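> Contents of model28.pdb (PDB, C-alpha atoms) are below:
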ATOM      1  CA  MET C   1      10.226 -91.062  46.911
ATOM      2  CA  PRO C   2       8.918 -94.246  48.632
ATOM      3  CA  THR C   3       5.199 -94.903  48.231
ATOM      4  CA  ASP C   4       4.500 -94.882  51.972
ATOM      5  CA  LEU C   5       6.144 -91.484  52.277
ATOM      6  CA  LEU C   6       4.069 -90.171  49.364
ATOM      7  CA  ILE C   7       0.901 -91.289  51.151
ATOM      8  CA  LEU C   8       2.013 -89.498  54.305
ATOM      9  CA  VAL C   9       2.763 -86.332  52.327
ATOM     10  CA  SER C  10      -0.641 -86.478  50.609
ATOM     11  CA  VAL C  11      -2.411 -86.720  53.976
ATOM     12  CA  LEU C  12      -0.352 -84.168  55.919
ATOM     13  CA  ILE C  13       0.877 -81.642  53.337
ATOM     14  CA  PHE C  14      -0.681 -81.809  49.831
ATOM     15  CA  PRO C  15      -3.493 -82.088  48.857
ATOM     16  CA  GLY C  16      -4.507 -82.765  52.445
ATOM     17  CA  GLY C  17      -3.021 -81.359  55.625
ATOM     18  CA  LEU C  18      -1.552 -77.874  55.390
ATOM     19  CA  PHE C  19      -2.740 -77.213  51.845
ATOM     20  CA  ALA C  20      -6.352 -78.265  52.464
ATOM     21  CA  PHE C  21      -6.407 -76.410  55.794
ATOM     22  CA  SER C  22      -5.197 -73.166  54.175
ATOM     23  CA  LEU C  23      -7.502 -73.576  51.171
ATOM     24  CA  GLY C  24     -10.513 -74.339  53.348
ATOM     25  CA  LEU C  25     -10.014 -71.203  55.426
ATOM     26  CA  MET C  26      -9.545 -69.143  52.281
ATOM     27  CA  LEU C  27     -12.751 -70.573  50.779
ATOM     28  CA  LYS C  28     -14.605 -69.694  53.978
ATOM     29  CA  GLY C  29     -13.280 -66.151  53.644
ATOM     30  CA  VAL C  30     -14.328 -65.955  49.990
ATOM     31  CA  ASP C  31     -17.787 -67.238  50.903
ATOM     32  CA  ARG C  32     -18.275 -64.562  53.553
ATOM     33  CA  ARG C  33     -16.944 -61.828  51.277
ATOM     34  CA  VAL C  34     -19.111 -62.825  48.295
ATOM     35  CA  ALA C  35     -22.198 -63.147  50.498
ATOM     36  CA  ALA C  36     -21.554 -59.688  51.926
ATOM     37  CA  ARG C  37     -21.187 -58.165  48.461
ATOM     38  CA  LEU C  38     -24.449 -59.765  47.340
ATOM     39  CA  GLN C  39     -26.141 -58.170  50.353
ATOM     40  CA  GLY C  40     -24.628 -54.739  49.673
ATOM     41  CA  ARG C  41     -22.069 -54.941  52.489
ATOM     42  CA  VAL C  42     -18.264 -54.719  52.432
ATOM     43  CA  GLY C  43     -17.724 -57.924  54.353
ATOM     44  CA  PRO C  44     -14.807 -59.147  56.471
ATOM     45  CA  PRO C  45     -11.251 -59.631  55.147
ATOM     46  CA  LEU C  46     -10.487 -62.903  53.386
ATOM     47  CA  LEU C  47      -8.298 -63.975  56.308
ATOM     48  CA  GLN C  48     -11.040 -63.470  58.902
ATOM     49  CA  PRO C  49     -11.590 -67.260  59.381
ATOM     50  CA  ALA C  50      -7.884 -67.619  60.219
ATOM     51  CA  PHE C  51      -8.109 -64.710  62.658
ATOM     52  CA  ASP C  52     -11.107 -66.368  64.311
ATOM     53  CA  LEU C  53      -9.140 -69.603  64.789
ATOM     54  CA  ILE C  54      -6.212 -67.731  66.330
ATOM     55  CA  LYS C  55      -8.588 -65.985  68.738
ATOM     56  CA  LEU C  56     -10.199 -69.289  69.742
ATOM     57  CA  GLY C  57      -6.750 -70.802  70.281
ATOM     58  CA  PHE C  58      -6.105 -68.334  73.104
ATOM     59  CA  LYS C  59      -9.383 -69.032  74.863
ATOM     60  CA  ARG C  60     -10.159 -71.790  77.320
ATOM     61  CA  THR C  61     -12.229 -74.876  76.518
ATOM     62  CA  MET C  62     -15.121 -74.994  78.962
ATOM     63  CA  VAL C  63     -16.734 -78.375  79.645
ATOM     64  CA  PRO C  64     -20.252 -78.166  81.146
ATOM     65  CA  ASP C  65     -20.874 -80.023  84.394
ATOM     66  CA  SER C  66     -23.692 -81.943  82.717
ATOM     67  CA  ALA C  67     -21.508 -83.045  79.782
ATOM     68  CA  ALA C  68     -19.787 -86.379  79.189
ATOM     69  CA  PRO C  69     -16.193 -85.002  79.070
ATOM     70  CA  GLY C  70     -14.577 -87.797  77.044
ATOM     71  CA  VAL C  71     -17.131 -87.781  74.221
ATOM     72  CA  PHE C  72     -17.510 -83.994  74.406
ATOM     73  CA  LEU C  73     -13.800 -83.421  73.734
ATOM     74  CA  ALA C  74     -13.318 -86.331  71.317
ATOM     75  CA  ALA C  75     -16.134 -85.356  68.921
ATOM     76  CA  PRO C  76     -14.386 -82.422  67.160
ATOM     77  CA  LEU C  77     -11.121 -84.382  66.927
ATOM     78  CA  ILE C  78     -12.853 -87.359  65.278
ATOM     79  CA  GLY C  79     -14.502 -85.151  62.667
ATOM     80  CA  THR C  80     -11.311 -83.241  61.868
ATOM     81  CA  VAL C  81      -9.174 -86.373  61.455
ATOM     82  CA  ALA C  82     -11.793 -87.923  59.165
ATOM     83  CA  MET C  83     -11.718 -84.866  56.897
ATOM     84  CA  LEU C  84      -7.900 -84.847  56.811
ATOM     85  CA  LEU C  85      -8.017 -88.408  55.502
ATOM     86  CA  ALA C  86     -10.867 -87.661  53.092
ATOM     87  CA  VAL C  87      -9.025 -84.822  51.326
ATOM     88  CA  ALA C  88      -6.246 -87.220  50.302
ATOM     89  CA  LEU C  89      -8.804 -89.505  48.588
ATOM     90  CA  VAL C  90     -10.019 -86.959  46.019
ATOM     91  CA  PRO C  91      -7.955 -86.623  42.822
ATOM     92  CA  ILE C  92      -7.042 -83.291  41.241
ATOM     93  CA  ALA C  93      -7.071 -83.626  37.454
ATOM     94  CA  GLY C  94      -3.613 -83.186  35.984
ATOM     95  CA  VAL C  95      -2.022 -82.699  39.405
ATOM     96  CA  TYR C  96      -2.713 -85.469  41.915
ATOM     97  CA  THR C  97      -3.933 -89.067  41.805
ATOM     98  CA  PRO C  98      -4.563 -90.737  45.182
ATOM     99  CA  ASP C  99      -2.843 -93.986  46.051
ATOM    100  CA  PRO C 100      -5.344 -96.886  45.677
ATOM    101  CA  ARG C 101      -4.389 -98.135  49.136
ATOM    102  CA  LEU C 102      -5.985 -95.052  50.684
ATOM    103  CA  GLY C 103      -9.412 -96.238  49.532
ATOM    104  CA  ASN C 104     -12.043 -95.412  46.939
ATOM    105  CA  LEU C 105     -15.406 -93.676  46.673
ATOM    106  CA  LEU C 106     -17.020 -95.987  49.225
ATOM    107  CA  VAL C 107     -14.399 -95.053  51.818
ATOM    108  CA  LEU C 108     -14.840 -91.376  50.943
ATOM    109  CA  LEU C 109     -18.610 -91.587  51.460
ATOM    110  CA  TYR C 110     -18.018 -93.197  54.828
ATOM    111  CA  LEU C 111     -15.601 -90.445  55.855
ATOM    112  CA  LEU C 112     -18.006 -87.739  54.652
ATOM    113  CA  SER C 113     -20.612 -89.002  57.093
ATOM    114  CA  VAL C 114     -18.242 -88.763  60.079
ATOM    115  CA  PRO C 115     -18.564 -84.952  60.619
ATOM    116  CA  GLY C 116     -22.337 -85.349  60.900
ATOM    117  CA  VAL C 117     -21.849 -88.128  63.430
ATOM    118  CA  ALA C 118     -19.337 -85.912  65.281
ATOM    119  CA  LEU C 119     -21.940 -83.152  65.524
ATOM    120  CA  MET C 120     -24.493 -85.626  66.846
ATOM    121  CA  LEU C 121     -21.999 -86.853  69.438
ATOM    122  CA  ALA C 122     -21.263 -83.254  70.410
ATOM    123  CA  GLY C 123     -24.930 -82.429  70.811
ATOM    124  CA  SER C 124     -25.729 -85.523  72.834
ATOM    125  CA  ALA C 125     -22.645 -85.240  75.048
ATOM    126  CA  SER C 126     -23.002 -81.547  75.878
ATOM    127  CA  GLY C 127     -25.972 -81.978  78.192
ATOM    128  CA  SER C 128     -27.694 -78.979  76.580
ATOM    129  CA  PRO C 129     -31.315 -79.160  75.396
ATOM    130  CA  PHE C 130     -30.307 -77.109  72.358
ATOM    131  CA  GLY C 131     -27.635 -79.705  71.606
ATOM    132  CA  ALA C 132     -30.228 -82.467  71.855
ATOM    133  CA  VAL C 133     -32.493 -80.681  69.363
ATOM    134  CA  GLY C 134     -29.524 -80.181  67.031
ATOM    135  CA  PHE C 135     -28.673 -83.882  67.375
ATOM    136  CA  SER C 136     -32.152 -84.960  66.265
ATOM    137  CA  ARG C 137     -32.174 -82.496  63.369
ATOM    138  CA  GLU C 138     -28.735 -83.573  62.140
ATOM    139  CA  MET C 139     -29.757 -87.230  62.244
ATOM    140  CA  ALA C 140     -32.972 -86.589  60.289
ATOM    141  CA  LEU C 141     -31.161 -84.489  57.679
ATOM    142  CA  MET C 142     -28.417 -87.077  57.226
ATOM    143  CA  LEU C 143     -31.007 -89.809  56.680
ATOM    144  CA  ALA C 144     -32.513 -87.641  53.946
ATOM    145  CA  TYR C 145     -29.437 -86.598  51.953
ATOM    146  CA  GLU C 146     -27.162 -89.649  52.366
ATOM    147  CA  ALA C 147     -29.370 -91.744  50.074
ATOM    148  CA  THR C 148     -29.047 -89.061  47.395
ATOM    149  CA  ILE C 149     -25.239 -89.053  47.299
ATOM    150  CA  VAL C 150     -25.111 -92.863  47.289
ATOM    151  CA  LEU C 151     -27.285 -92.962  44.163
ATOM    152  CA  VAL C 152     -25.279 -90.143  42.535
ATOM    153  CA  VAL C 153     -22.022 -91.997  43.107
ATOM    154  CA  ALA C 154     -23.586 -95.245  41.862
ATOM    155  CA  ALA C 155     -24.775 -93.526  38.658
ATOM    156  CA  VAL C 156     -21.345 -92.003  37.941
ATOM    157  CA  GLY C 157     -19.533 -95.246  38.798
ATOM    158  CA  LEU C 158     -21.867 -97.308  36.638
ATOM    159  CA  ARG C 159     -21.584 -94.882  33.727
ATOM    160  CA  THR C 160     -17.796 -95.103  33.856
ATOM    161  CA  GLY C 161     -17.686 -98.855  34.427
ATOM    162  CA  LEU C 162     -19.998 -99.671  31.514
ATOM    163  CA  ALA C 163     -18.069 -97.351  29.207
ATOM    164  CA  GLU C 164     -14.830 -99.107  30.154
ATOM    165  CA  GLY C 165     -16.273-102.546  29.452
ATOM    166  CA  GLY C 166     -16.924-103.460  33.074
ATOM    167  CA  VAL C 167     -19.899-103.120  35.380
ATOM    168  CA  VAL C 168     -19.294-100.389  37.962
ATOM    169  CA  THR C 169     -16.230 -98.640  39.332
ATOM    170  CA  PHE C 170     -15.788 -96.856  42.634
ATOM    171  CA  SER C 171     -12.321 -95.553  41.779
ATOM    172  CA  LEU C 172     -12.322 -91.766  41.562
ATOM    173  CA  ALA C 173      -9.012 -91.910  39.699
ATOM    174  CA  GLU C 174     -10.626 -94.109  37.035
ATOM    175  CA  ILE C 175     -13.653 -91.797  36.819
ATOM    176  CA  VAL C 176     -11.400 -88.772  36.341
ATOM    177  CA  ARG C 177      -9.249 -90.528  33.739
ATOM    178  CA  HIS C 178     -12.297 -91.606  31.742
ATOM    179  CA  GLN C 179     -13.697 -88.069  31.634
ATOM    180  CA  GLN C 180     -10.351 -86.620  30.588
ATOM    181  CA  GLU C 181     -10.304 -89.023  27.648
ATOM    182  CA  HIS C 182     -13.984 -88.954  26.635
ATOM    183  CA  GLY C 183     -15.372 -85.674  27.957
ATOM    184  CA  ALA C 184     -16.815 -84.363  31.207
ATOM    185  CA  TYR C 185     -20.085 -85.735  32.554
ATOM    186  CA  LEU C 186     -21.129 -82.098  32.914
ATOM    187  CA  LEU C 187     -21.859 -82.244  29.169
ATOM    188  CA  ASP C 188     -23.452 -85.722  29.213
ATOM    189  CA  PRO C 189     -27.293 -85.466  29.224
ATOM    190  CA  LEU C 190     -27.563 -88.872  30.901
ATOM    191  CA  MET C 191     -25.729 -87.480  33.929
ATOM    192  CA  TRP C 192     -27.618 -84.193  34.237
ATOM    193  CA  PRO C 193     -30.159 -85.556  36.761
ATOM    194  CA  ALA C 194     -27.270 -86.842  38.922
ATOM    195  CA  LEU C 195     -25.573 -83.448  38.626
ATOM    196  CA  GLY C 196     -28.770 -81.728  39.724
ATOM    197  CA  ALA C 197     -29.054 -84.076  42.709
ATOM    198  CA  PHE C 198     -25.455 -83.327  43.701
ATOM    199  CA  LEU C 199     -26.111 -79.574  43.509
ATOM    200  CA  PHE C 200     -28.818 -80.082  46.130
ATOM    201  CA  PHE C 201     -26.698 -82.453  48.192
ATOM    202  CA  TYR C 202     -23.601 -80.404  48.849
ATOM    203  CA  PRO C 203     -25.225 -77.353  50.530
ATOM    204  CA  ALA C 204     -27.036 -79.752  52.861
ATOM    205  CA  ASN C 205     -23.880 -81.731  53.596
ATOM    206  CA  LEU C 206     -22.016 -78.505  54.361
ATOM    207  CA  GLY C 207     -24.813 -77.175  56.566
ATOM    208  CA  ILE C 208     -25.533 -74.129  54.393
ATOM    209  CA  VAL C 209     -28.817 -72.200  54.251
ATOM    210  CA  PRO C 210     -31.483 -73.412  53.584
ATOM    211  CA  PHE C 211     -30.174 -76.621  55.152
ATOM    212  CA  ASP C 212     -28.391 -75.211  58.232
ATOM    213  CA  ILE C 213     -31.228 -76.536  60.382
ATOM    214  CA  PRO C 214     -29.140 -78.498  62.959
ATOM    215  CA  GLU C 215     -27.145 -75.358  63.880
ATOM    216  CA  ALA C 216     -29.771 -72.667  63.277
ATOM    217  CA  GLU C 217     -28.408 -69.655  65.181
ATOM    218  CA  THR C 218     -31.745 -67.856  65.354
ATOM    219  CA  GLU C 219     -33.582 -70.925  66.647
ATOM    220  CA  ILE C 220     -31.314 -73.189  68.702
ATOM    221  CA  LEU C 221     -28.194 -71.000  69.113
ATOM    222  CA  GLU C 222     -25.790 -73.219  67.096
ATOM    223  CA  GLY C 223     -27.335 -76.379  68.602
ATOM    224  CA  PRO C 224     -24.566 -78.989  69.073
ATOM    225  CA  LEU C 225     -21.868 -76.266  69.146
ATOM    226  CA  LEU C 226     -23.521 -74.064  71.768
ATOM    227  CA  GLU C 227     -21.449 -75.347  74.701
ATOM    228  CA  TYR C 228     -18.121 -75.416  72.821
ATOM    229  CA  SER C 229     -15.399 -72.810  73.200
ATOM    230  CA  GLY C 230     -11.665 -72.357  72.739
ATOM    231  CA  PRO C 231      -9.593 -74.962  70.848
ATOM    232  CA  ALA C 232     -12.447 -77.493  70.824
ATOM    233  CA  LEU C 233     -14.671 -75.050  68.930
ATOM    234  CA  ALA C 234     -11.698 -74.188  66.693
ATOM    235  CA  LEU C 235     -11.436 -77.860  65.726
ATOM    236  CA  PHE C 236     -15.060 -77.830  64.593
ATOM    237  CA  LYS C 237     -14.276 -74.765  62.467
ATOM    238  CA  VAL C 238     -11.282 -76.585  60.954
ATOM    239  CA  MET C 239     -13.463 -79.639  60.303
ATOM    240  CA  SER C 240     -15.976 -77.453  58.469
ATOM    241  CA  ALA C 241     -13.245 -75.807  56.354
ATOM    242  CA  LEU C 242     -11.733 -79.176  55.389
ATOM    243  CA  LYS C 243     -15.163 -80.585  54.599
ATOM    244  CA  THR C 244     -15.769 -77.689  52.217
ATOM    245  CA  VAL C 245     -12.630 -78.636  50.296
ATOM    246  CA  VAL C 246     -13.621 -82.321  50.210
ATOM    247  CA  VAL C 247     -17.195 -81.817  49.005
ATOM    248  CA  LEU C 248     -16.386 -79.204  46.360
ATOM    249  CA  SER C 249     -13.434 -81.189  45.001
ATOM    250  CA  LEU C 250     -15.619 -84.332  44.941
ATOM    251  CA  GLY C 251     -18.144 -82.519  42.772
ATOM    252  CA  ILE C 252     -15.412 -81.461  40.352
ATOM    253  CA  ALA C 253     -13.975 -84.991  40.201
ATOM    254  CA  LEU C 254     -17.393 -86.544  39.544
ATOM    255  CA  PHE C 255     -18.614 -84.164  36.854
ATOM    256  CA  CYS C 256     -15.925 -81.874  35.416
ATOM    257  CA  PRO C 257     -12.310 -82.970  36.059
ATOM    258  CA  ILE C 258     -10.996 -81.469  32.814
ATOM    259  CA  ALA C 259      -7.731 -79.569  33.310
ATOM    260  CA  PRO C 260      -4.193 -79.398  31.911
ATOM    261  CA  HIS C 261      -1.255 -80.897  33.764
ATOM    262  CA  GLY C 262       0.923 -79.108  36.296
ATOM    263  CA  ILE C 263       0.427 -75.629  37.747
ATOM    264  CA  ALA C 264      -2.130 -74.714  35.100
ATOM    265  CA  GLY C 265      -4.245 -77.716  36.150
ATOM    266  CA  LEU C 266      -4.066 -76.654  39.791
ATOM    267  CA  ALA C 267      -5.130 -73.123  38.824
ATOM    268  CA  VAL C 268      -8.126 -74.463  36.870
ATOM    269  CA  TRP C 269      -9.107 -76.661  39.818
ATOM    270  CA  LEU C 270      -8.890 -73.742  42.260
ATOM    271  CA  ALA C 271     -10.944 -71.535  39.950
ATOM    272  CA  SER C 272     -13.571 -74.278  39.664
ATOM    273  CA  MET C 273     -13.713 -74.537  43.453
ATOM    274  CA  VAL C 274     -14.316 -70.796  43.810
ATOM    275  CA  VAL C 275     -17.042 -70.796  41.138
ATOM    276  CA  LEU C 276     -18.802 -73.774  42.731
ATOM    277  CA  LEU C 277     -18.563 -72.066  46.122
ATOM    278  CA  ALA C 278     -19.871 -68.703  44.927
ATOM    279  CA  VAL C 279     -22.765 -70.106  42.882
ATOM    280  CA  GLY C 280     -23.829 -73.072  44.980
ATOM    281  CA  ILE C 281     -23.161 -71.754  48.479
ATOM    282  CA  SER C 282     -22.753 -67.972  48.775
ATOM    283  CA  ALA C 283     -25.500 -67.005  46.311
ATOM    284  CA  VAL C 284     -27.890 -69.635  47.672
ATOM    285  CA  ARG C 285     -27.555 -68.791  51.341
ATOM    286  CA  VAL C 286     -28.211 -65.061  50.860
ATOM    287  CA  SER C 287     -31.257 -65.574  48.648
ATOM    288  CA  ILE C 288     -33.198 -68.403  50.331
ATOM    289  CA  GLY C 289     -34.610 -68.707  53.827
ATOM    290  CA  ARG C 290     -34.040 -71.676  56.104
ATOM    291  CA  MET C 291     -36.326 -74.679  55.732
ATOM    292  CA  ARG C 292     -37.980 -76.487  58.611
ATOM    293  CA  ILE C 293     -36.599 -79.946  59.262
ATOM    294  CA  ASP C 294     -39.787 -81.624  58.003
ATOM    295  CA  GLN C 295     -39.643 -79.541  54.814
ATOM    296  CA  ALA C 296     -36.001 -80.431  54.202
ATOM    297  CA  PHE C 297     -36.622 -84.125  54.867
ATOM    298  CA  SER C 298     -39.588 -84.249  52.462
ATOM    299  CA  PHE C 299     -37.702 -82.217  49.859
ATOM    300  CA  PHE C 300     -34.756 -84.622  49.742
ATOM    301  CA  LEU C 301     -36.973 -87.689  49.589
ATOM    302  CA  LYS C 302     -38.752 -86.155  46.604
ATOM    303  CA  TRP C 303     -36.595 -84.157  44.217
ATOM    304  CA  PRO C 304     -32.863 -84.911  44.758
ATOM    305  CA  LEU C 305     -33.486 -88.594  45.438
ATOM    306  CA  LEU C 306     -35.727 -88.900  42.379
ATOM    307  CA  LEU C 307     -33.178 -87.083  40.190
ATOM    308  CA  ALA C 308     -30.358 -89.397  41.322
ATOM    309  CA  ALA C 309     -32.537 -92.480  40.876
ATOM    310  CA  ALA C 310     -33.575 -91.283  37.410
ATOM    311  CA  SER C 311     -29.967 -90.844  36.344
ATOM    312  CA  LEU C 312     -29.058 -94.292  37.633
ATOM    313  CA  THR C 313     -32.043 -95.860  35.858
ATOM    314  CA  VAL C 314     -31.233 -94.142  32.558
ATOM    315  CA  VAL C 315     -27.603 -95.293  32.708
ATOM    316  CA  VAL C 316     -28.717 -98.885  33.300
ATOM    317  CA  VAL C 317     -31.348 -98.852  30.535
ATOM    318  CA  VAL C 318     -29.293 -97.033  27.906
TER
END
Could you write out this structure as structure tokens?

Amino acid sequence: MPTDLLILVSVLIFPGGLFAFSLGLMLKGVDRRVAARLQGRVGPPLLQPAFDLIKLGFKRTMVPDSAAPGVFLAAPLIGTVAMLLAVALVPIAGVYTPDPRLGNLLVLLYLLSVPGVALMLAGSASGSPFGAVGFSREMALMLAYEATIVLVVAAVGLRTGLAEGGVVTFSLAEIVRHQQEHGAYLLDPLMWPALGAFLFFYPANLGIVPFDIPEAETEILEGPLLEYSGPALALFKVMSALKTVVVLSLGIALFCPIAPHGIAGLAVWLASMVVLLAVGISAVRVSIGRMRIDQAFSFFLKWPLLLAAASLTVVVVV
């Protein structure tokens, strides 16, 4: 198969596109079901997120009179397209290696910031005061956690690059290959601070309690999403589902991409995704209350940022 066609397949079908879309919705269903069980409830069916999208598809998109229509309607599309591209950048050990022409970790970090920007655009373009509050909260939270993931990626890239006789690498494929040959960073004490920082980062990036501050339903009524309905709101739901796949698979690729080849490797990867989701998202959001924005900002500038910086410093020194 020609290389260009393989790139198109990876973006539109597997591991991106249809596969990532279906997996993201399923993970959302698993999250809701696990959270319900932890709270002593039955919970919705696993396909409830898909049912919600179908329902939204039959409703009408309402644009407020005070909104900027072009930006208002473009925001969810921008975020969704960015996540479709991002999924194709993350390797699956033993199953899929992204084409180098798609980009590397730096491109992936850029794409991961786009959904946050899309939410800020949505909040500012809606004309709603709740959207404006959500915009300011999203911007403050992004400023806090983006520095953490940059240092985490730098620590992992430097650890791999030095071990390979170079300086630093931003190739996820190279990082995965190195761990398959020499062992997962999950078991490397030098990388434990970076792992801890990432475990704080991904709930915040996904907007999960206690870091769901920009969309707090009980405070600002979903903030930037308050004025959205119909297919436009459905696109934001799709963006969130795809982002879940991207962030969880990034964590696996950075710290534990150990799996056999073929179908067995895909099964191990899927199981790892579910475990990471249940432990780091479902269990956390039912056991911890929401932080205030000032608390979240201070928290990230203290503990996760210090952990990531410590890991980077240790890698350089050792």
> When the PyMOL selection byres ((chain C and resi 242) around 12) is applied to the file above, which residues end up in the set, as a PyMOL selection string?
chain C and resi 15-28+79-88+111-112+115+206+235-241+243-249
> With distances taken over all atoms listed in the file, which of C:Leu250, C:Val209, C:Leu151, C:Ala278 is nearest to C:Val176?
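Once distances to C:Val176 are computed over all atoms listed in the file, the minimum belongs to C:Leu250.
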> Go through C:Met120, C:Met273, C:Ala296, C:Ile258 and flag the residue nearest C:His182, using all atoms listed in the file for the distances.
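Among the listed residues, C:Ile258 lies closest to C:His182.
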> Evaluated on this file, the PyMOL selection byres ((chain C and resi 293) around 10) picks out some residues - which ones are they, written as a ChimeraX atom specification?
/C:136-138,140-141,211-214,290-292,294-299
> To test your reading of the syntax: which residues would the PyMOL selection byres ((chain C and resi 100-103) around 9) return for the file shown? Reply as a list in words.
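Applied to this file, the PyMOL selection byres ((chain C and resi 100-103) around 9) selects Ile7, Leu85, Ala88, Leu89, Thr97, Pro98, Asp99, Asn104, Leu105, Leu106, Val107, Leu108, Ser171 and Ala173 of chain C.
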> Counting all atoms listed in the file, which of C:Leu225, C:Leu266, C:Ala125, C:Ala309 gets nearest to C:Ala197?
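The answer is C:Ala309, which sits nearest to C:Ala197.
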> List the spatial neighbours of C:Ala308 as number ranges by chain - criterion: any atom at most 12 Å away, all atoms listed in the file, same-chain residues fewer than 4 positions off excluded.
C: 145-156, 190-201, 300-304, 312-315
> One decimal, in Å: what's the spacing between atom CA of C:Ile13 and atom CA of C:Thr61?
27.5 Å
> Kindly give the distance, in Å, that separates atom CA of C:Val42 and atom CA of C:Arg285, rounded to a single decimal.
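Calculated distance between atom CA of C:Val42 and atom CA of C:Arg285 is 16.9 Å.
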> With only C-alpha atoms as the basis for distance, which of C:Met62, C:Ala74, C:Ala259, C:Val117 is at the shortest distance from C:Ala271?
C:Ala259
> If I take atom CA of C:Gly43 and atom CA of C:Ser282, how far is one from the other in Å, to one decimal?
12.5 Å
> Which of these, C:Gly29, C:Leu6, C:Glu181, C:Asp52, has the shortest distance to C:Leu233 once you count all atoms listed in the file?
C:Asp52
> With all heavy atoms as the target, complete stretch 92-97 of chain C and hand it back as an mmCIF file, keeping the file's coordinate frame.

data_model
loop_
_atom_site.group_PDB
_atom_site.id
_atom_site.type_symbol
_atom_site.label_atom_id
_atom_site.label_comp_id
_atom_site.auth_asym_id
_atom_site.auth_seq_id
_atom_site.Cartn_x
_atom_site.Cartn_y
_atom_site.Cartn_z
ATOM 1 N N ILE C 92 -7.025 -84.599 41.900
ATOM 2 C CA ILE C 92 -7.042 -83.291 41.241
ATOM 3 C C ILE C 92 -6.545 -83.518 39.825
ATOM 4 O O ILE C 92 -5.392 -83.910 39.623
ATOM 5 C CB ILE C 92 -6.143 -82.272 41.970
ATOM 6 C CG1 ILE C 92 -6.576 -82.122 43.426
ATOM 7 C CG2 ILE C 92 -6.178 -80.924 41.262
ATOM 8 C CD1 ILE C 92 -5.652 -81.247 44.251
ATOM 9 N N ALA C 93 -7.402 -83.310 38.848
ATOM 10 C CA ALA C 93 -7.071 -83.626 37.454
ATOM 11 C C ALA C 93 -5.789 -82.935 37.017
ATOM 12 O O ALA C 93 -5.634 -81.727 37.179
ATOM 13 C CB ALA C 93 -8.228 -83.209 36.538
ATOM 14 N N GLY C 94 -4.860 -83.719 36.495
ATOM 15 C CA GLY C 94 -3.613 -83.186 35.984
ATOM 16 C C GLY C 94 -2.584 -82.874 37.045
ATOM 17 O O GLY C 94 -1.472 -82.439 36.723
ATOM 18 N N VAL C 95 -2.933 -83.077 38.314
ATOM 19 C CA VAL C 95 -2.022 -82.699 39.405
ATOM 20 C C VAL C 95 -1.783 -83.844 40.371
ATOM 21 O O VAL C 95 -0.634 -84.165 40.700
ATOM 22 C CB VAL C 95 -2.577 -81.479 40.182
ATOM 23 C CG1 VAL C 95 -1.631 -81.101 41.333
ATOM 24 C CG2 VAL C 95 -2.783 -80.291 39.257
ATOM 25 N N TYR C 96 -2.847 -84.484 40.836
ATOM 26 C CA TYR C 96 -2.713 -85.469 41.915
ATOM 27 C C TYR C 96 -3.666 -86.635 41.699
ATOM 28 O O TYR C 96 -4.855 -86.443 41.413
ATOM 29 C CB TYR C 96 -3.009 -84.803 43.263
ATOM 30 C CG TYR C 96 -3.190 -85.770 44.415
ATOM 31 C CD1 TYR C 96 -2.100 -86.421 44.981
ATOM 32 C CD2 TYR C 96 -4.465 -86.031 44.927
ATOM 33 C CE1 TYR C 96 -2.271 -87.314 46.032
ATOM 34 C CE2 TYR C 96 -4.638 -86.919 45.980
ATOM 35 C CZ TYR C 96 -3.535 -87.559 46.526
ATOM 36 O OH TYR C 96 -3.707 -88.445 47.555
ATOM 37 N N THR C 97 -3.135 -87.843 41.839
ATOM 38 C CA THR C 97 -3.933 -89.067 41.805
ATOM 39 C C THR C 97 -3.712 -89.819 43.113
ATOM 40 O O THR C 97 -2.568 -90.148 43.441
ATOM 41 C CB THR C 97 -3.523 -89.966 40.622
ATOM 42 O OG1 THR C 97 -3.703 -89.249 39.402
ATOM 43 C CG2 THR C 97 -4.368 -91.233 40.598
#
